[in-house]
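Trainee: So here's target-v2.pdb (PDB, N, CA and C atoms).
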```
ATOM      1  N   MET I   1       0.808  -1.179   0.000
ATOM      2  CA  MET I   1       0.000   0.000   0.000
ATOM      3  C   MET I   1       0.864   1.260   0.000
ATOM      4  N   ARG I   2       2.060   1.133   0.486
ATOM      5  CA  ARG I   2       2.937   2.278   0.537
ATOM      6  C   ARG I   2       3.372   2.683  -0.866
ATOM      7  N   LEU I   3       3.543   1.763  -1.759
ATOM      8  CA  LEU I   3       3.998   2.039  -3.101
ATOM      9  C   LEU I   3       3.007   2.899  -3.881
ATOM     10  N   PRO I   4       1.717   2.617  -3.857
ATOM     11  CA  PRO I   4       0.792   3.476  -4.609
ATOM     12  C   PRO I   4       0.764   4.916  -4.076
ATOM     13  N   SER I   5       0.869   5.112  -2.765
ATOM     14  CA  SER I   5       0.830   6.481  -2.253
ATOM     15  C   SER I   5       2.093   7.249  -2.664
ATOM     16  N   ALA I   6       3.226   6.564  -2.758
ATOM     17  CA  ALA I   6       4.456   7.213  -3.215
ATOM     18  C   ALA I   6       4.333   7.584  -4.682
ATOM     19  N   ALA I   7       3.688   6.738  -5.454
ATOM     20  CA  ALA I   7       3.499   7.017  -6.879
ATOM     21  C   ALA I   7       2.565   8.208  -7.058
ATOM     22  N   VAL I   8       1.534   8.296  -6.224
ATOM     23  CA  VAL I   8       0.602   9.421  -6.298
ATOM     24  C   VAL I   8       1.333  10.719  -5.929
ATOM     25  N   ALA I   9       2.160  10.671  -4.907
ATOM     26  CA  ALA I   9       2.897  11.856  -4.485
ATOM     27  C   ALA I   9       3.872  12.295  -5.574
ATOM     28  N   ALA I  10       4.543  11.341  -6.195
ATOM     29  CA  ALA I  10       5.491  11.666  -7.260
ATOM     30  C   ALA I  10       4.776  12.255  -8.463
ATOM     31  N   SER I  11       3.628  11.747  -8.799
ATOM     32  CA  SER I  11       2.892  12.276  -9.953
ATOM     33  C   SER I  11       2.372  13.675  -9.657
ATOM     34  N   LEU I  12       1.981  13.948  -8.396
ATOM     35  CA  LEU I  12       1.551  15.299  -8.042
ATOM     36  C   LEU I  12       2.708  16.295  -8.171
ATOM     37  N   VAL I  13       3.883  15.868  -7.736
ATOM     38  CA  VAL I  13       5.059  16.730  -7.866
ATOM     39  C   VAL I  13       5.345  16.995  -9.337
ATOM     40  N   CYS I  14       5.231  15.981 -10.176
ATOM     41  CA  CYS I  14       5.459  16.152 -11.610
ATOM     42  C   CYS I  14       4.422  17.088 -12.225
ATOM     43  N   LEU I  15       3.178  17.003 -11.763
ATOM     44  CA  LEU I  15       2.135  17.878 -12.287
ATOM     45  C   LEU I  15       2.403  19.349 -11.922
ATOM     46  N   ILE I  16       3.037  19.558 -10.781
ATOM     47  CA  ILE I  16       3.344  20.923 -10.354
ATOM     48  C   ILE I  16       4.570  21.458 -11.090
ATOM     49  N   ILE I  17       5.591  20.624 -11.246
ATOM     50  CA  ILE I  17       6.855  21.067 -11.833
ATOM     51  C   ILE I  17       6.798  21.134 -13.360
ATOM     52  N   ALA I  18       6.084  20.256 -13.998
ATOM     53  CA  ALA I  18       6.069  20.183 -15.462
ATOM     54  C   ALA I  18       5.653  21.506 -16.116
ATOM     55  N   PRO I  19       4.575  22.159 -15.679
ATOM     56  CA  PRO I  19       4.230  23.430 -16.322
ATOM     57  C   PRO I  19       5.293  24.514 -16.117
ATOM     58  N   VAL I  20       5.948  24.492 -14.982
ATOM     59  CA  VAL I  20       6.994  25.489 -14.718
ATOM     60  C   VAL I  20       8.161  25.271 -15.676
ATOM     61  N   LEU I  21       8.553  24.022 -15.883
ATOM     62  CA  LEU I  21       9.654  23.722 -16.790
ATOM     63  C   LEU I  21       9.261  23.975 -18.244
ATOM     64  N   ALA I  22       8.008  23.782 -18.574
ATOM     65  CA  ALA I  22       7.552  23.989 -19.945
ATOM     66  C   ALA I  22       7.532  25.469 -20.305
ATOM     67  N   GLN I  23       7.397  26.341 -19.323
ATOM     68  CA  GLN I  23       7.349  27.782 -19.583
ATOM     69  C   GLN I  23       8.742  28.384 -19.487
ATOM     70  N   ALA I  24       9.594  28.007 -20.390
ATOM     71  CA  ALA I  24      10.932  28.586 -20.403
ATOM     72  C   ALA I  24      10.803  30.040 -20.832
ATOM     73  N   PRO I  25      11.229  30.959 -19.985
ATOM     74  CA  PRO I  25      11.071  32.370 -20.329
ATOM     75  C   PRO I  25      11.939  32.752 -21.515
ATOM     76  N   ALA I  26      11.362  33.558 -22.390
ATOM     77  CA  ALA I  26      12.112  34.044 -23.537
ATOM     78  C   ALA I  26      13.159  35.029 -23.028
ATOM     79  N   PRO I  27      14.370  34.930 -23.521
ATOM     80  CA  PRO I  27      15.401  35.848 -23.041
ATOM     81  C   PRO I  27      15.042  37.287 -23.418
ATOM     82  N   ALA I  28      15.055  38.146 -22.411
ATOM     83  CA  ALA I  28      14.738  39.551 -22.652
ATOM     84  C   ALA I  28      15.900  40.200 -23.384
ATOM     85  N   PRO I  29      15.615  40.921 -24.455
ATOM     86  CA  PRO I  29      16.709  41.544 -25.191
ATOM     87  C   PRO I  29      17.357  42.644 -24.357
ATOM     88  N   SER I  30      18.655  42.608 -24.303
ATOM     89  CA  SER I  30      19.398  43.630 -23.571
ATOM     90  C   SER I  30      19.461  44.885 -24.427
ATOM     91  N   PRO I  31      19.102  46.067 -23.872
ATOM     92  CA  PRO I  31      19.088  47.272 -24.694
ATOM     93  C   PRO I  31      20.459  47.630 -25.253
ATOM     94  N   THR I  32      21.521  47.317 -24.523
ATOM     95  CA  THR I  32      22.846  47.656 -25.031
ATOM     96  C   THR I  32      23.319  46.666 -26.081
ATOM     97  N   ALA I  33      22.801  45.432 -26.034
ATOM     98  CA  ALA I  33      23.254  44.437 -26.991
ATOM     99  C   ALA I  33      22.517  44.548 -28.315
ATOM    100  N   THR I  34      21.258  44.931 -28.306
ATOM    101  CA  THR I  34      20.492  44.939 -29.542
ATOM    102  C   THR I  34      20.425  46.311 -30.190
ATOM    103  N   VAL I  35      20.538  47.363 -29.399
ATOM    104  CA  VAL I  35      20.448  48.704 -29.950
ATOM    105  C   VAL I  35      21.858  49.263 -30.086
ATOM    106  N   PRO I  36      22.290  49.536 -31.321
ATOM    107  CA  PRO I  36      23.634  50.078 -31.468
ATOM    108  C   PRO I  36      23.710  51.487 -30.905
ATOM    109  N   VAL I  37      24.774  51.750 -30.188
ATOM    110  CA  VAL I  37      24.971  53.079 -29.602
ATOM    111  C   VAL I  37      25.670  53.940 -30.638
ATOM    112  N   PRO I  38      25.063  55.062 -31.013
ATOM    113  CA  PRO I  38      25.707  55.893 -32.021
ATOM    114  C   PRO I  38      26.980  56.532 -31.462
ATOM    115  N   ALA I  39      27.994  56.580 -32.281
ATOM    116  CA  ALA I  39      29.239  57.214 -31.859
ATOM    117  C   ALA I  39      29.023  58.714 -31.785
ATOM    118  N   THR I  40      29.498  59.312 -30.713
ATOM    119  CA  THR I  40      29.357  60.755 -30.577
ATOM    120  C   THR I  40      30.360  61.433 -31.497
ATOM    121  N   LYS I  41      30.140  62.693 -31.725
ATOM    122  CA  LYS I  41      31.028  63.447 -32.596
ATOM    123  C   LYS I  41      32.432  63.518 -31.996
ATOM    124  N   ARG I  42      32.528  63.537 -30.683
ATOM    125  CA  ARG I  42      33.843  63.581 -30.028
ATOM    126  C   ARG I  42      34.625  62.308 -30.337
ATOM    127  N   VAL I  43      33.966  61.168 -30.289
ATOM    128  CA  VAL I  43      34.627  59.898 -30.591
ATOM    129  C   VAL I  43      35.089  59.896 -32.046
ATOM    130  N   THR I  44      34.269  60.454 -32.914
ATOM    131  CA  THR I  44      34.638  60.538 -34.322
ATOM    132  C   THR I  44      35.872  61.422 -34.497
ATOM    133  N   CYS I  45      35.906  62.548 -33.778
ATOM    134  CA  CYS I  45      37.072  63.438 -33.848
ATOM    135  C   CYS I  45      38.327  62.740 -33.337
ATOM    136  N   LEU I  46      38.198  62.007 -32.253
ATOM    137  CA  LEU I  46      39.350  61.275 -31.719
ATOM    138  C   LEU I  46      39.864  60.259 -32.733
ATOM    139  N   ALA I  47      38.943  59.599 -33.414
ATOM    140  CA  ALA I  47      39.338  58.592 -34.398
ATOM    141  C   ALA I  47      40.017  59.222 -35.609
ATOM    142  N   THR I  48      39.519  60.387 -36.037
ATOM    143  CA  THR I  48      40.094  60.998 -37.234
ATOM    144  C   THR I  48      41.432  61.677 -36.968
ATOM    145  N   THR I  49      41.735  61.978 -35.703
ATOM    146  CA  THR I  49      43.003  62.650 -35.400
ATOM    147  C   THR I  49      44.059  61.710 -34.835
ATOM    148  N   GLN I  50      43.783  60.436 -34.793
ATOM    149  CA  GLN I  50      44.734  59.513 -34.167
ATOM    150  C   GLN I  50      46.035  59.377 -34.959
ATOM    151  N   ASN I  51      46.035  59.691 -36.237
ATOM    152  CA  ASN I  51      47.251  59.561 -37.038
ATOM    153  C   ASN I  51      48.170  60.774 -36.933
ATOM    154  N   PHE I  52      47.693  61.842 -36.295
ATOM    155  CA  PHE I  52      48.504  63.048 -36.133
ATOM    156  C   PHE I  52      49.293  62.968 -34.831
ATOM    157  N   LYS I  53      50.322  63.796 -34.756
ATOM    158  CA  LYS I  53      51.157  63.837 -33.552
ATOM    159  C   LYS I  53      51.326  65.279 -33.097
ATOM    160  N   GLY I  54      51.529  65.458 -31.794
ATOM    161  CA  GLY I  54      51.885  66.748 -31.230
ATOM    162  C   GLY I  54      50.871  67.853 -31.464
ATOM    163  N   GLN I  55      51.429  69.034 -31.834
ATOM    164  CA  GLN I  55      50.591  70.221 -32.015
ATOM    165  C   GLN I  55      49.590  70.045 -33.154
ATOM    166  N   GLU I  56      49.993  69.341 -34.201
ATOM    167  CA  GLU I  56      49.078  69.116 -35.325
ATOM    168  C   GLU I  56      47.845  68.320 -34.872
ATOM    169  N   LYS I  57      48.064  67.341 -33.997
ATOM    170  CA  LYS I  57      46.947  66.547 -33.478
ATOM    171  C   LYS I  57      46.013  67.431 -32.652
ATOM    172  N   ARG I  58      46.574  68.284 -31.780
ATOM    173  CA  ARG I  58      45.743  69.176 -30.969
ATOM    174  C   ARG I  58      44.964  70.153 -31.847
ATOM    175  N   ASP I  59      45.635  70.698 -32.869
ATOM    176  CA  ASP I  59      44.963  71.636 -33.774
ATOM    177  C   ASP I  59      43.813  70.966 -34.519
ATOM    178  N   GLN I  60      44.060  69.785 -35.042
ATOM    179  CA  GLN I  60      43.011  69.071 -35.788
ATOM    180  C   GLN I  60      41.850  68.689 -34.873
ATOM    181  N   MET I  61      42.173  68.320 -33.643
ATOM    182  CA  MET I  61      41.129  67.969 -32.678
ATOM    183  C   MET I  61      40.279  69.194 -32.352
ATOM    184  N   GLN I  62      40.935  70.355 -32.162
ATOM    185  CA  GLN I  62      40.190  71.583 -31.886
ATOM    186  C   GLN I  62      39.273  71.952 -33.042
ATOM    187  N   LEU I  63      39.787  71.853 -34.265
ATOM    188  CA  LEU I  63      38.972  72.176 -35.440
ATOM    189  C   LEU I  63      37.782  71.225 -35.563
ATOM    190  N   CYS I  64      38.044  69.953 -35.357
ATOM    191  CA  CYS I  64      36.982  68.954 -35.469
ATOM    192  C   CYS I  64      35.905  69.184 -34.412
ATOM    193  N   MET I  65      36.320  69.465 -33.167
ATOM    194  CA  MET I  65      35.349  69.693 -32.093
ATOM    195  C   MET I  65      34.556  70.978 -32.322
ATOM    196  N   ALA I  66      35.203  72.010 -32.865
ATOM    197  CA  ALA I  66      34.492  73.248 -33.168
ATOM    198  C   ALA I  66      33.432  72.998 -34.233
ATOM    199  N   GLN I  67      33.780  72.214 -35.247
ATOM    200  CA  GLN I  67      32.809  71.878 -36.293
ATOM    201  C   GLN I  67      31.685  71.024 -35.714
ATOM    202  N   ALA I  68      32.012  70.117 -34.805
ATOM    203  CA  ALA I  68      30.998  69.266 -34.180
ATOM    204  C   ALA I  68      30.024  70.110 -33.357
ATOM    205  N   ARG I  69      30.558  71.066 -32.577
ATOM    206  CA  ARG I  69      29.684  71.947 -31.797
ATOM    207  C   ARG I  69      28.770  72.762 -32.697
ATOM    208  N   LEU I  70      29.338  73.261 -33.805
ATOM    209  CA  LEU I  70      28.544  74.032 -34.757
ATOM    210  C   LEU I  70      27.425  73.179 -35.357
ATOM    211  N   ASP I  71      27.747  71.953 -35.737
ATOM    212  CA  ASP I  71      26.733  71.045 -36.284
ATOM    213  C   ASP I  71      25.635  70.764 -35.259
ATOM    214  N   CYS I  72      26.038  70.555 -34.017
ATOM    215  CA  CYS I  72      25.058  70.280 -32.960
ATOM    216  C   CYS I  72      24.206  71.516 -32.661
ATOM    217  N   LEU I  73      24.820  72.693 -32.703
ATOM    218  CA  LEU I  73      24.072  73.933 -32.498
ATOM    219  C   LEU I  73      23.034  74.117 -33.594
ATOM    220  N   LYS I  74      23.426  73.876 -34.841
ATOM    221  CA  LYS I  74      22.482  73.977 -35.965
ATOM    222  C   LYS I  74      21.317  73.011 -35.775
ATOM    223  N   GLN I  75      21.635  71.807 -35.320
ATOM    224  CA  GLN I  75      20.596  70.798 -35.084
ATOM    225  C   GLN I  75      19.649  71.268 -33.984
ATOM    226  N   ALA I  76      20.182  71.833 -32.903
ATOM    227  CA  ALA I  76      19.351  72.324 -31.794
ATOM    228  C   ALA I  76      18.473  73.484 -32.255
ATOM    229  N   ILE I  77      19.020  74.355 -33.090
ATOM    230  CA  ILE I  77      18.232  75.473 -33.613
ATOM    231  C   ILE I  77      17.107  74.964 -34.493
ATOM    232  N   ASP I  78      17.412  73.996 -35.348
ATOM    233  CA  ASP I  78      16.373  73.411 -36.216
ATOM    234  C   ASP I  78      15.257  72.773 -35.398
ATOM    235  N   GLN I  79      15.617  72.185 -34.270
ATOM    236  CA  GLN I  79      14.626  71.527 -33.408
ATOM    237  C   GLN I  79      13.985  72.504 -32.433
ATOM    238  N   LYS I  80      14.381  73.779 -32.524
ATOM    239  CA  LYS I  80      13.840  74.845 -31.681
ATOM    240  C   LYS I  80      14.024  74.567 -30.186
ATOM    241  N   ILE I  81      15.207  74.084 -29.836
ATOM    242  CA  ILE I  81      15.560  73.838 -28.437
ATOM    243  C   ILE I  81      16.212  75.115 -27.912
ATOM    244  N   VAL I  82      15.777  75.579 -26.738
ATOM    245  CA  VAL I  82      16.311  76.828 -26.188
ATOM    246  C   VAL I  82      16.745  76.643 -24.735
ATOM    247  N   GLY I  83      17.515  77.632 -24.228
ATOM    248  CA  GLY I  83      17.894  77.678 -22.815
ATOM    249  C   GLY I  83      18.828  76.564 -22.407
ATOM    250  N   GLU I  84      18.634  76.107 -21.175
ATOM    251  CA  GLU I  84      19.474  75.044 -20.615
ATOM    252  C   GLU I  84      19.308  73.743 -21.397
ATOM    253  N   ALA I  85      18.115  73.527 -21.940
ATOM    254  CA  ALA I  85      17.893  72.311 -22.720
ATOM    255  C   ALA I  85      18.790  72.304 -23.958
ATOM    256  N   ARG I  86      19.005  73.492 -24.553
ATOM    257  CA  ARG I  86      19.877  73.577 -25.723
ATOM    258  C   ARG I  86      21.310  73.252 -25.331
ATOM    259  N   LYS I  87      21.748  73.837 -24.232
ATOM    260  CA  LYS I  87      23.110  73.600 -23.760
ATOM    261  C   LYS I  87      23.340  72.112 -23.497
ATOM    262  N   SER I  88      22.370  71.488 -22.847
ATOM    263  CA  SER I  88      22.456  70.064 -22.545
ATOM    264  C   SER I  88      22.421  69.222 -23.823
ATOM    265  N   ALA I  89      21.558  69.610 -24.760
ATOM    266  CA  ALA I  89      21.443  68.869 -26.016
ATOM    267  C   ALA I  89      22.740  68.944 -26.813
ATOM    268  N   ILE I  90      23.369  70.101 -26.815
ATOM    269  CA  ILE I  90      24.628  70.253 -27.555
ATOM    270  C   ILE I  90      25.713  69.407 -26.910
ATOM    271  N   LYS I  91      25.800  69.429 -25.577
ATOM    272  CA  LYS I  91      26.808  68.617 -24.892
ATOM    273  C   LYS I  91      26.586  67.132 -25.162
ATOM    274  N   THR I  92      25.326  66.710 -25.153
ATOM    275  CA  THR I  92      25.008  65.310 -25.426
ATOM    276  C   THR I  92      25.363  64.953 -26.862
ATOM    277  N   CYS I  93      25.018  65.842 -27.780
ATOM    278  CA  CYS I  93      25.291  65.607 -29.206
ATOM    279  C   CYS I  93      26.789  65.520 -29.470
ATOM    280  N   VAL I  94      27.551  66.424 -28.890
ATOM    281  CA  VAL I  94      28.996  66.443 -29.112
ATOM    282  C   VAL I  94      29.657  65.260 -28.408
ATOM    283  N   GLY I  95      29.134  64.906 -27.227
ATOM    284  CA  GLY I  95      29.710  63.794 -26.473
ATOM    285  C   GLY I  95      30.519  64.267 -25.297
ATOM    286  N   MET I  96      30.214  65.457 -24.809
ATOM    287  CA  MET I  96      30.914  65.995 -23.650
ATOM    288  C   MET I  96      30.199  65.527 -22.393
ATOM    289  N   ASP I  97      30.899  64.801 -21.530
ATOM    290  CA  ASP I  97      30.288  64.319 -20.290
ATOM    291  C   ASP I  97      30.328  65.386 -19.216
ATOM    292  N   GLY I  98      31.405  66.088 -19.137
ATOM    293  CA  GLY I  98      31.578  67.082 -18.089
ATOM    294  C   GLY I  98      31.515  68.485 -18.666
ATOM    295  N   PRO I  99      32.040  69.447 -17.937
ATOM    296  CA  PRO I  99      32.046  70.814 -18.433
ATOM    297  C   PRO I  99      32.984  70.952 -19.623
ATOM    298  N   GLU I 100      32.682  71.910 -20.489
ATOM    299  CA  GLU I 100      33.486  72.107 -21.691
ATOM    300  C   GLU I 100      34.899  72.558 -21.349
ATOM    301  N   PRO I 101      35.894  71.967 -22.007
ATOM    302  CA  PRO I 101      37.261  72.422 -21.792
ATOM    303  C   PRO I 101      37.455  73.777 -22.465
ATOM    304  N   GLN I 102      38.294  74.616 -21.843
ATOM    305  CA  GLN I 102      38.523  75.937 -22.443
ATOM    306  C   GLN I 102      39.949  76.092 -22.872
TER
END
```
Translate the structure described by the file into structure tokens.
Mentor:
Amino acid sequence: MRLPSAAVAASLVCLIIAPVLAQAPAPAPSPTATVPVPATKRVTCLATTQNFKGQEKRDQMQLCMAQARLDCLKQAIDQKIVGEARKSAIKTCVGMDGPEPQ
């Protein structure tokens, strides 16, 4: 008589566990893995000036960053962004994390 009750208990456990195992959760897409992060203009400037050395590298980097800021400013003007939001949008667009270097 002990054997049938053990079989009933085992089948109940299987009935509880089977649906849980059958519902394998779909892997949630990671936002950083599936969505490409656009390179900021600063990263682009760093990449384009890597072949230069010394003062020429600094000059080219300054020119590139000035052009990047100008492009971002034009974009902010087109989008009619004003005030602190414009300043923040330009910094984000250029890729400046902290305060602007002078």
Trainee: Would you work out the distance separating atom C of Met61 of chain I from atom N of Arg86 of chain I, expressed in Å to one decimal?
Mentor: 23.1 Å
Trainee: Quick one: distance from atom CA of Ala89 of chain I to atom CA of Leu73 of chain I in Å, one decimal?
Mentor: 8.6 Å
Trainee: May I ask which of the residues I:Met96, I:Ala39, I:Leu46, I:Ile90 is the closest one to Cys64 of chain I, counting only N, CA and C atoms?
Mentor: I:Leu46
Trainee: Mind giving me the straight-line distance from atom CA of Leu63 of chain I to atom CA of Cys45 of chain I in Å, one decimal?
Mentor: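 Taking atom CA of Leu63 of chain I and atom CA of Cys45 of chain I, their separation equals 9.1 Å.
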Trainee: Extract, using only C-alpha atoms, all DNA, RNA and protein residues at most 9 Å from Val94 of chain I, discarding same-chain residues fewer than 3 positions from it, and format them as a PDB file with N, CA and C atoms, keeping the file's coordinate frame.
Mentor:
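Generated output (part_20.pdb):
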```
ATOM      1  N   THR I  40      29.498  59.312 -30.713  1.00  0.00           N
ATOM      2  CA  THR I  40      29.357  60.755 -30.577  1.00  0.00           C
ATOM      3  C   THR I  40      30.360  61.433 -31.497  1.00  0.00           C
ATOM      4  N   LYS I  41      30.140  62.693 -31.725  1.00  0.00           N
ATOM      5  CA  LYS I  41      31.028  63.447 -32.596  1.00  0.00           C
ATOM      6  C   LYS I  41      32.432  63.518 -31.996  1.00  0.00           C
ATOM      7  N   ARG I  42      32.528  63.537 -30.683  1.00  0.00           N
ATOM      8  CA  ARG I  42      33.843  63.581 -30.028  1.00  0.00           C
ATOM      9  C   ARG I  42      34.625  62.308 -30.337  1.00  0.00           C
ATOM     10  N   VAL I  43      33.966  61.168 -30.289  1.00  0.00           N
ATOM     11  CA  VAL I  43      34.627  59.898 -30.591  1.00  0.00           C
ATOM     12  C   VAL I  43      35.089  59.896 -32.046  1.00  0.00           C
ATOM     13  N   MET I  65      36.320  69.465 -33.167  1.00  0.00           N
ATOM     14  CA  MET I  65      35.349  69.693 -32.093  1.00  0.00           C
ATOM     15  C   MET I  65      34.556  70.978 -32.322  1.00  0.00           C
ATOM     16  N   ALA I  68      32.012  70.117 -34.805  1.00  0.00           N
ATOM     17  CA  ALA I  68      30.998  69.266 -34.180  1.00  0.00           C
ATOM     18  C   ALA I  68      30.024  70.110 -33.357  1.00  0.00           C
ATOM     19  N   ARG I  69      30.558  71.066 -32.577  1.00  0.00           N
ATOM     20  CA  ARG I  69      29.684  71.947 -31.797  1.00  0.00           C
ATOM     21  C   ARG I  69      28.770  72.762 -32.697  1.00  0.00           C
ATOM     22  N   ASP I  71      27.747  71.953 -35.737  1.00  0.00           N
ATOM     23  CA  ASP I  71      26.733  71.045 -36.284  1.00  0.00           C
ATOM     24  C   ASP I  71      25.635  70.764 -35.259  1.00  0.00           C
ATOM     25  N   CYS I  72      26.038  70.555 -34.017  1.00  0.00           N
ATOM     26  CA  CYS I  72      25.058  70.280 -32.960  1.00  0.00           C
ATOM     27  C   CYS I  72      24.206  71.516 -32.661  1.00  0.00           C
ATOM     28  N   ALA I  89      21.558  69.610 -24.760  1.00  0.00           N
ATOM     29  CA  ALA I  89      21.443  68.869 -26.016  1.00  0.00           C
ATOM     30  C   ALA I  89      22.740  68.944 -26.813  1.00  0.00           C
ATOM     31  N   ILE I  90      23.369  70.101 -26.815  1.00  0.00           N
ATOM     32  CA  ILE I  90      24.628  70.253 -27.555  1.00  0.00           C
ATOM     33  C   ILE I  90      25.713  69.407 -26.910  1.00  0.00           C
ATOM     34  N   LYS I  91      25.800  69.429 -25.577  1.00  0.00           N
ATOM     35  CA  LYS I  91      26.808  68.617 -24.892  1.00  0.00           C
ATOM     36  C   LYS I  91      26.586  67.132 -25.162  1.00  0.00           C
TER      37      LYS I  91
END
```
Trainee: Find, counting only C-alpha atoms, the residue in I:Thr49, I:Ala76, I:Gly54, I:Gln60 that gets nearest to Cys93 of chain I.
Mentor: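 Of I:Thr49, I:Ala76, I:Gly54, I:Gln60, the one nearest Cys93 of chain I is I:Ala76, counting only C-alpha atoms.
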